[in-house]
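Note: the block below is entry26.json and it holds JSON, C-alpha atoms.
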[["chain", "number", "residue", "atom", "x", "y", "z"],
["A", 1, "MET", "CA", 2.66, 17.02, -0.06],
["A", 2, "THR", "CA", 0.40, 15.83, 2.75],
["A", 3, "THR", "CA", -1.05, 12.35, 2.80],
["A", 4, "VAL", "CA", -3.55, 10.88, 5.19],
["A", 5, "THR", "CA", -2.54, 7.37, 6.09],
["A", 6, "GLN", "CA", -5.24, 6.52, 8.58],
["A", 7, "GLY", "CA", -8.55, 7.80, 9.84],
["A", 8, "PRO", "CA", -12.18, 7.28, 8.97],
["A", 9, "ASP", "CA", -12.98, 10.90, 8.30],
["A", 10, "ARG", "CA", -12.99, 12.13, 4.73],
["A", 11, "TYR", "CA", -11.06, 15.31, 5.31],
["A", 12, "ILE", "CA", -8.86, 17.03, 7.79],
["A", 13, "ARG", "CA", -9.55, 20.41, 9.23],
["A", 14, "SER", "CA", -6.49, 22.47, 8.81],
["A", 15, "ARG", "CA", -7.76, 25.35, 10.86],
["A", 16, "VAL", "CA", -7.22, 25.81, 14.56],
["A", 17, "GLU", "CA", -10.27, 25.65, 16.80],
["A", 18, "LYS", "CA", -11.52, 29.08, 17.81],
["A", 19, "PRO", "CA", -13.63, 29.47, 20.93],
["A", 20, "LEU", "CA", -16.47, 31.97, 21.05],
["A", 21, "THR", "CA", -16.95, 34.31, 23.97],
["A", 22, "GLU", "CA", -20.41, 34.67, 25.46],
["A", 23, "ALA", "CA", -20.41, 38.36, 24.59],
["A", 24, "ASP", "CA", -19.85, 37.60, 20.91],
["A", 25, "ASP", "CA", -22.42, 34.82, 20.75],
["A", 26, "LYS", "CA", -25.58, 35.95, 18.98],
["A", 27, "LEU", "CA", -26.60, 32.75, 17.23],
["A", 28, "PHE", "CA", -29.66, 32.28, 19.44],
["A", 29, "SER", "CA", -30.21, 35.94, 20.35],
["A", 30, "TRP", "CA", -32.73, 38.47, 19.26],
["A", 31, "TYR", "CA", -31.55, 41.21, 16.98],
["A", 32, "ASP", "CA", -32.08, 44.53, 18.73],
["A", 33, "SER", "CA", -32.15, 47.38, 16.26],
["A", 34, "THR", "CA", -31.39, 49.84, 19.05],
["A", 35, "GLU", "CA", -28.04, 48.17, 19.79],
["A", 36, "GLU", "CA", -26.24, 50.16, 17.16],
["A", 37, "GLY", "CA", -28.33, 53.28, 17.50],
["A", 38, "GLY", "CA", -30.69, 52.22, 14.73],
["B", 1, "MET", "CA", -22.82, 14.81, 24.86],
["B", 2, "GLN", "CA", -19.26, 13.57, 25.29],
["B", 3, "PRO", "CA", -16.40, 15.75, 26.53],
["B", 4, "ASP", "CA", -13.63, 17.01, 24.30],
["B", 5, "LEU", "CA", -10.17, 15.50, 24.22],
["B", 6, "THR", "CA", -9.14, 17.29, 27.41],
["B", 7, "GLY", "CA", -12.17, 15.89, 29.25],
["B", 8, "GLU", "CA", -13.95, 19.24, 29.34],
["B", 9, "PHE", "CA", -17.65, 19.71, 28.67],
["B", 10, "GLY", "CA", -19.35, 22.81, 27.35],
["B", 11, "HIS", "CA", -21.26, 22.93, 30.65],
["B", 12, "ASP", "CA", -20.66, 22.29, 34.34],
["B", 13, "ASP", "CA", -23.62, 20.04, 35.02],
["B", 14, "GLU", "CA", -22.27, 17.06, 37.00],
["B", 15, "GLU", "CA", -25.39, 15.01, 36.48],
["B", 16, "VAL", "CA", -25.14, 15.33, 32.72],
["B", 17, "ALA", "CA", -21.43, 14.54, 32.83],
["B", 18, "SER", "CA", -22.21, 11.39, 34.79],
["B", 19, "GLU", "CA", -24.87, 10.42, 32.28],
["B", 20, "ALA", "CA", -22.42, 11.02, 29.43],
["B", 21, "GLU", "CA", -19.93, 8.67, 31.08],
["B", 22, "ARG", "CA", -22.59, 6.02, 31.51],
["B", 23, "LYS", "CA", -23.59, 6.30, 27.88],
["B", 24, "ALA", "CA", -19.98, 6.23, 26.71],
["B", 25, "ASN", "CA", -19.62, 2.81, 28.29],
["B", 26, "ARG", "CA", -22.73, 1.33, 26.75],
["B", 27, "SER", "CA", -23.24, 3.14, 23.46],
["B", 28, "VAL", "CA", -21.45, 2.03, 20.32],
["B", 29, "SER", "CA", -19.99, 4.50, 17.84],
["B", 30, "ARG", "CA", -21.17, 3.89, 14.29],
["B", 31, "ARG", "CA", -17.87, 5.26, 13.04],
["B", 32, "THR", "CA", -15.57, 2.92, 14.96],
["B", 33, "ARG", "CA", -17.97, 0.08, 15.84],
["B", 34, "LYS", "CA", -16.55, 0.25, 19.37],
["B", 35, "PRO", "CA", -17.99, 1.60, 22.63],
["B", 36, "VAL", "CA", -17.90, 5.40, 22.58],
["B", 37, "LYS", "CA", -15.45, 5.44, 25.49],
["B", 38, "ASP", "CA", -12.98, 3.54, 23.27],
["B", 39, "SER", "CA", -13.66, 5.56, 20.14],
["B", 40, "LYS", "CA", -10.98, 8.20, 20.22],
["B", 41, "GLU", "CA", -9.70, 8.45, 16.69],
["B", 42, "ASN", "CA", -6.12, 8.50, 15.51],
["B", 43, "LEU", "CA", -4.83, 10.18, 12.42],
["B", 44, "SER", "CA", -1.37, 10.04, 10.94],
["B", 45, "LEU", "CA", -0.13, 12.77, 8.60],
["B", 46, "LYS", "CA", 3.06, 12.37, 6.60],
["B", 47, "MET", "CA", 4.68, 15.34, 4.90],
["B", 48, "LYS", "CA", 7.67, 15.14, 2.57],
["B", 49, "MET", "CA", 9.87, 18.13, 3.32],
["B", 50, "ALA", "CA", 12.73, 17.28, 0.96],
["B", 51, "PRO", "CA", 14.21, 14.20, -0.66],
["B", 52, "GLY", "CA", 14.87, 11.72, 2.11],
["B", 53, "CYS", "CA", 13.22, 13.90, 4.72],
["B", 54, "GLU", "CA", 9.71, 13.14, 5.95],
["B", 55, "ILE", "CA", 7.76, 14.41, 8.94],
["B", 56, "THR", "CA", 4.94, 12.44, 10.52],
["B", 57, "PHE", "CA", 2.27, 13.96, 12.76],
["B", 58, "GLU", "CA", 0.16, 11.73, 14.96],
["B", 59, "LEU", "CA", -3.18, 13.29, 15.89],
["B", 60, "ILE", "CA", -5.82, 12.08, 18.33],
["B", 61, "SER", "CA", -9.41, 13.27, 18.38],
["B", 62, "PRO", "CA", -12.23, 12.60, 20.85],
["B", 63, "PRO", "CA", -15.09, 10.36, 19.68],
["B", 64, "GLN", "CA", -16.55, 11.99, 16.58],
["B", 65, "ILE", "CA", -20.12, 12.41, 15.42],
["B", 66, "ASP", "CA", -20.77, 11.35, 11.88],
["B", 67, "ARG", "CA", -21.45, 14.73, 10.28],
["B", 68, "GLU", "CA", -24.06, 13.41, 7.85],
["B", 69, "ARG", "CA", -26.03, 11.94, 10.74],
["B", 70, "ALA", "CA", -25.71, 15.21, 12.65],
["B", 71, "PHE", "CA", -27.07, 17.14, 9.67],
["B", 72, "GLU", "CA", -29.93, 14.67, 9.29],
["B", 73, "LEU", "CA", -30.87, 15.03, 12.95],
["B", 74, "ALA", "CA", -30.75, 18.81, 12.55],
["B", 75, "ARG", "CA", -33.02, 18.54, 9.52],
["B", 76, "LEU", "CA", -35.59, 16.58, 11.51],
["B", 77, "HIS", "CA", -35.50, 19.14, 14.31],
["B", 78, "VAL", "CA", -35.89, 22.01, 11.87],
["B", 79, "ILE", "CA", -38.82, 20.24, 10.16],
["B", 80, "ALA", "CA", -40.58, 19.85, 13.52],
["B", 81, "PHE", "CA", -40.13, 23.46, 14.59],
["B", 82, "PHE", "CA", -40.94, 24.80, 11.14],
["B", 83, "TYR", "CA", -44.16, 22.78, 11.20],
["B", 84, "MET", "CA", -44.97, 24.17, 14.65],
["B", 85, "VAL", "CA", -44.59, 27.83, 13.70],
["B", 86, "THR", "CA", -46.55, 27.41, 10.48],
["B", 87, "PHE", "CA", -49.28, 25.28, 12.02],
["B", 88, "ASP", "CA", -52.77, 26.46, 11.09],
["B", 89, "PRO", "CA", -55.32, 25.38, 13.74],
["B", 90, "SER", "CA", -58.23, 25.80, 11.35],
["B", 91, "SER", "CA", -56.85, 23.31, 8.84],
["B", 92, "GLY", "CA", -54.92, 21.23, 11.37],
["B", 93, "ARG", "CA", -51.81, 21.42, 9.21],
["B", 94, "GLY", "CA", -48.37, 22.91, 9.36],
["B", 95, "GLY", "CA", -46.00, 23.81, 6.57],
["B", 96, "TYR", "CA", -42.75, 22.63, 5.04],
["B", 97, "TRP", "CA", -40.40, 25.03, 3.32],
["B", 98, "PRO", "CA", -40.31, 25.12, -0.46],
["B", 99, "GLY", "CA", -36.90, 24.09, -1.75],
["B", 100, "GLY", "CA", -33.99, 22.28, -0.21],
["B", 101, "PHE", "CA", -32.13, 21.83, 3.04],
["B", 102, "PHE", "CA", -28.51, 22.99, 3.02],
["B", 103, "SER", "CA", -26.05, 22.28, 5.79],
["B", 104, "VAL", "CA", -23.10, 24.60, 6.20],
["B", 105, "LEU", "CA", -20.85, 23.52, 9.07],
["B", 106, "GLU", "CA", -20.91, 21.67, 12.37],
["B", 107, "ALA", "CA", -18.63, 22.55, 15.29],
["B", 108, "GLY", "CA", -17.83, 21.51, 18.83],
["B", 109, "HIS", "CA", -17.99, 24.16, 21.55],
["B", 110, "ARG", "CA", -14.27, 24.85, 21.40],
["B", 111, "ASP", "CA", -14.71, 25.95, 17.80],
["B", 112, "TRP", "CA", -17.89, 28.01, 17.90],
["B", 113, "GLY", "CA", -15.83, 31.09, 17.11],
["B", 114, "ASN", "CA", -14.61, 29.71, 13.79],
["B", 115, "ALA", "CA", -14.74, 32.08, 10.85],
["B", 116, "VAL", "CA", -17.66, 30.36, 9.12],
["B", 117, "HIS", "CA", -19.92, 30.28, 12.17],
["B", 118, "ARG", "CA", -19.09, 33.91, 12.93],
["B", 119, "ALA", "CA", -19.84, 34.93, 9.35],
["B", 120, "PHE", "CA", -23.07, 32.93, 9.44],
["B", 121, "MET", "CA", -24.15, 34.69, 12.65],
["B", 122, "ASP", "CA", -23.36, 38.10, 11.21],
["B", 123, "ALA", "CA", -25.18, 37.34, 7.96],
["B", 124, "VAL", "CA", -28.45, 36.16, 9.51],
["B", 125, "TYR", "CA", -28.60, 38.05, 12.80],
["B", 126, "GLY", "CA", -30.86, 40.73, 11.39],
["B", 127, "TRP", "CA", -33.23, 38.32, 9.65],
["B", 128, "GLU", "CA", -36.75, 37.93, 10.97],
["B", 129, "PRO", "CA", -36.75, 35.38, 13.83],
["B", 130, "ARG", "CA", -39.34, 32.66, 13.35],
["B", 131, "VAL", "CA", -38.09, 30.44, 16.17],
["B", 132, "LEU", "CA", -35.57, 31.26, 18.88],
["B", 133, "ALA", "CA", -35.96, 28.47, 21.40],
["B", 134, "VAL", "CA", -33.86, 27.47, 24.38],
["B", 135, "THR", "CA", -35.21, 24.51, 26.29],
["B", 136, "ALA", "CA", -34.20, 21.40, 28.28],
["B", 137, "ASP", "CA", -32.33, 23.58, 30.78],
["B", 138, "GLY", "CA", -30.34, 25.08, 27.94],
["B", 139, "PHE", "CA", -29.30, 21.71, 26.53],
["B", 140, "PHE", "CA", -31.29, 22.23, 23.36],
["B", 141, "LYS", "CA", -31.36, 25.41, 21.29],
["B", 142, "ILE", "CA", -32.77, 26.13, 17.88],
["B", 143, "ALA", "CA", -33.02, 29.27, 15.77],
["B", 144, "ILE", "CA", -34.89, 29.67, 12.51],
["B", 145, "ARG", "CA", -34.79, 33.04, 10.78],
["B", 146, "ARG", "CA", -36.29, 34.15, 7.51],
["B", 147, "ARG", "CA", -34.37, 36.17, 4.98],
["B", 148, "PRO", "CA", -36.31, 39.32, 4.08],
["B", 149, "SER", "CA", -38.11, 39.15, 0.74],
["B", 150, "ALA", "CA", -37.08, 35.59, -0.05],
["B", 151, "ASP", "CA", -38.21, 32.02, 0.56],
["B", 152, "CYS", "CA", -34.99, 31.36, 2.41],
["B", 153, "TRP", "CA", -34.48, 30.57, 6.06],
["B", 154, "SER", "CA", -31.40, 30.17, 8.18],
["B", 155, "TRP", "CA", -31.35, 27.52, 10.86],
["B", 156, "ALA", "CA", -29.06, 26.69, 13.75],
["B", 157, "VAL", "CA", -29.26, 23.89, 16.29],
["B", 158, "GLU", "CA", -27.22, 23.42, 19.47],
["B", 159, "TRP", "CA", -27.17, 20.14, 21.38],
["B", 160, "ASN", "CA", -26.01, 19.59, 24.94],
["B", 161, "ARG", "CA", -24.19, 22.95, 25.06],
["B", 162, "GLN", "CA", -21.55, 21.09, 23.15],
["B", 163, "TYR", "CA", -22.26, 20.91, 19.46],
["B", 164, "ARG", "CA", -23.67, 23.31, 16.88],
["B", 165, "VAL", "CA", -24.88, 22.78, 13.35],
["B", 166, "VAL", "CA", -25.91, 25.64, 11.05],
["B", 167, "GLY", "CA", -27.31, 25.98, 7.56],
["B", 168, "PHE", "CA", -30.10, 27.22, 5.33],
["B", 169, "CYS", "CA", -33.32, 25.89, 3.86],
["B", 170, "GLY", "CA", -35.66, 27.03, 1.12],
["B", 171, "ASP", "CA", -34.69, 28.67, -2.13],
["B", 172, "ARG", "CA", -31.28, 27.44, -3.23],
["B", 173, "ALA", "CA", -30.27, 30.56, -5.15],
["B", 174, "ALA", "CA", -31.13, 32.81, -2.22],
["B", 175, "ALA", "CA", -29.19, 30.58, 0.19],
["B", 176, "GLU", "CA", -26.22, 30.39, -2.14],
["B", 177, "SER", "CA", -26.04, 34.12, -2.53],
["B", 178, "VAL", "CA", -25.56, 34.40, 1.23],
["B", 179, "LEU", "CA", -23.25, 31.42, 1.37],
["B", 180, "GLN", "CA", -20.91, 32.67, -1.33],
["B", 181, "ALA", "CA", -19.96, 35.57, 0.86],
["B", 182, "PHE", "CA", -18.31, 33.39, 3.46],
["B", 183, "LEU", "CA", -17.95, 29.82, 2.21],
["B", 184, "SER", "CA", -14.37, 30.49, 1.18],
["B", 185, "LEU", "CA", -13.61, 30.95, 4.88],
["B", 186, "LYS", "CA", -14.17, 27.25, 5.48]]
Go ahead and express the file in the form of structure tokens.
Amino acid sequence: MTTVTQGPDRYIRSRVEKPLTEADDKLFSWYDSTEEGG
Amino acid sequence: MQPDLTGEFGHDDEEVASEAERKANRSVSRRTRKPVKDSKENLSLKMKMAPGCEITFELISPPQIDRERAFELARLHVIAFFYMVTFDPSSGRGGYWPGGFFSVLEAGHRDWGNAVHRAFMDAVYGWEPRVLAVTADGFFKIAIRRRPSADCWSWAVEWNRQYRVVGFCGDRAAAESVLQAFLSLK
């Protein structure tokens, strides 16, 4: 059992932070249909 | 705008780092009611391993943004850019999406590779871009994409190369059908 005894946030993130490499970052990129030979 | 717990920023702009330090001294966190520089947050976790045996973890986080306020700021930014791209000069009016505004997840730059953000990127990357804007020397980014054949848009906002918020707007059912595919990853 896990109990939170202090802290203003309403939940705890159990996951570990995962950085993103520049090469994998496409959130603000254009989709290029030729990238995958399409 | 503030660095993470190790003091690192998501950028190497010394001027912005200096400005962040100045603001940390004078700005008050709404979460802690203290100056931002004094607003690191502590969390204590207690786990019962067996009768008479208990483990306690003490965690420290850098000053946190209230997520509801972050989502609200994102909503205002999305409204503005949505209005801009739908603006009709002849009528002098822009549009607002039909339906709701749905936030998915916020993340600091050390966590941009989390499973939900990656799944979100993969899901919407091929959608029709309506806005892909990078401005303020890269310190503000916004993307709005429309799902094909649906009144559903994805949105993503990045502030200060440090913090990202993503979500959907428009038709709830259409947004949920995309969300269901990866929400369990959260």
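For the pair CA of Asp122 (chain B) and CA of Leu27 (chain A), the interatomic distance is 8.7 Å.
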Query - Interface, chain B side, toward chain A (9 Å; all atoms listed in the file) as number ranges by chain - result: B: 31-32, 41-49, 66, 108-115, 117-118, 120-122, 124-129, 132-134, 141-143, 156-157, 186
Requested in this report: Calculate how many Å separate CA of Phe9 (chain B) from CA of Phe81 (chain B), rounding to one decimal.
Outcome: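 Atom-to-atom, CA of Phe9 (chain B) to CA of Phe81 (chain B), that is 26.8 Å.
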Query raised in the report: What gap, in Å, lies between CA of Cys169 (chain B) and CA of Ser90 (chain B)?
Result: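 Those two atoms sit 26.0 Å apart.
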Report task. Compute the distance from (-28.9, 21.3, 9.4) to each atom, counting all atoms listed in the file, keep the residues with any atom at most 6 Å away, and return them as a PyMOL selection string; use the coordinates of the file. Result -> chain B and resi 71+74-75+103+165-167
Report task. Might you pull out every residue within 12 Å of Thr86 (chain B), with all atoms listed in the file counted and same-chain residues fewer than 5 positions away left off, and present them as a VMD selection string? Result -> chain B and resid 79 to 81 91 to 97 130 to 131
**Report entry** Nearest to Leu179 (chain B) by atom-to-atom distance, counting all atoms listed in the file, from B:Arg164, B:Asp151, B:Asp137, B:Val104
**Finding:**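 Nearest candidate to Leu179 (chain B) out of B:Arg164, B:Asp151, B:Asp137, B:Val104: B:Val104.
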Axis-aligned box for region 23-34 of chain A, 5 Å per side, centre and edges in Å as AutoDock Vina command-line options:
--center_x -26.3 --center_y 41.1 --center_z 20.4 --size_x 22.9 --size_y 27.6 --size_z 18.3
Query - Cut-off 12 Å around (-23.0, 11.8, 30.3) with only C-alpha atoms: residues as a list in words - result: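 All residues meeting the 12 Å criterion around (-23.0, 11.8, 30.3) are Met1, Gln2, Pro3, Gly7, Glu8, Phe9, Gly10, His11, Asp12, Asp13, Glu14, Glu15, Val16, Ala17, Ser18, Glu19, Ala20, Glu21, Arg22, Lys23, Ala24, Asn25, Arg26, Ser27, Val36, Lys37, Asn160 and Gln162 of chain B.
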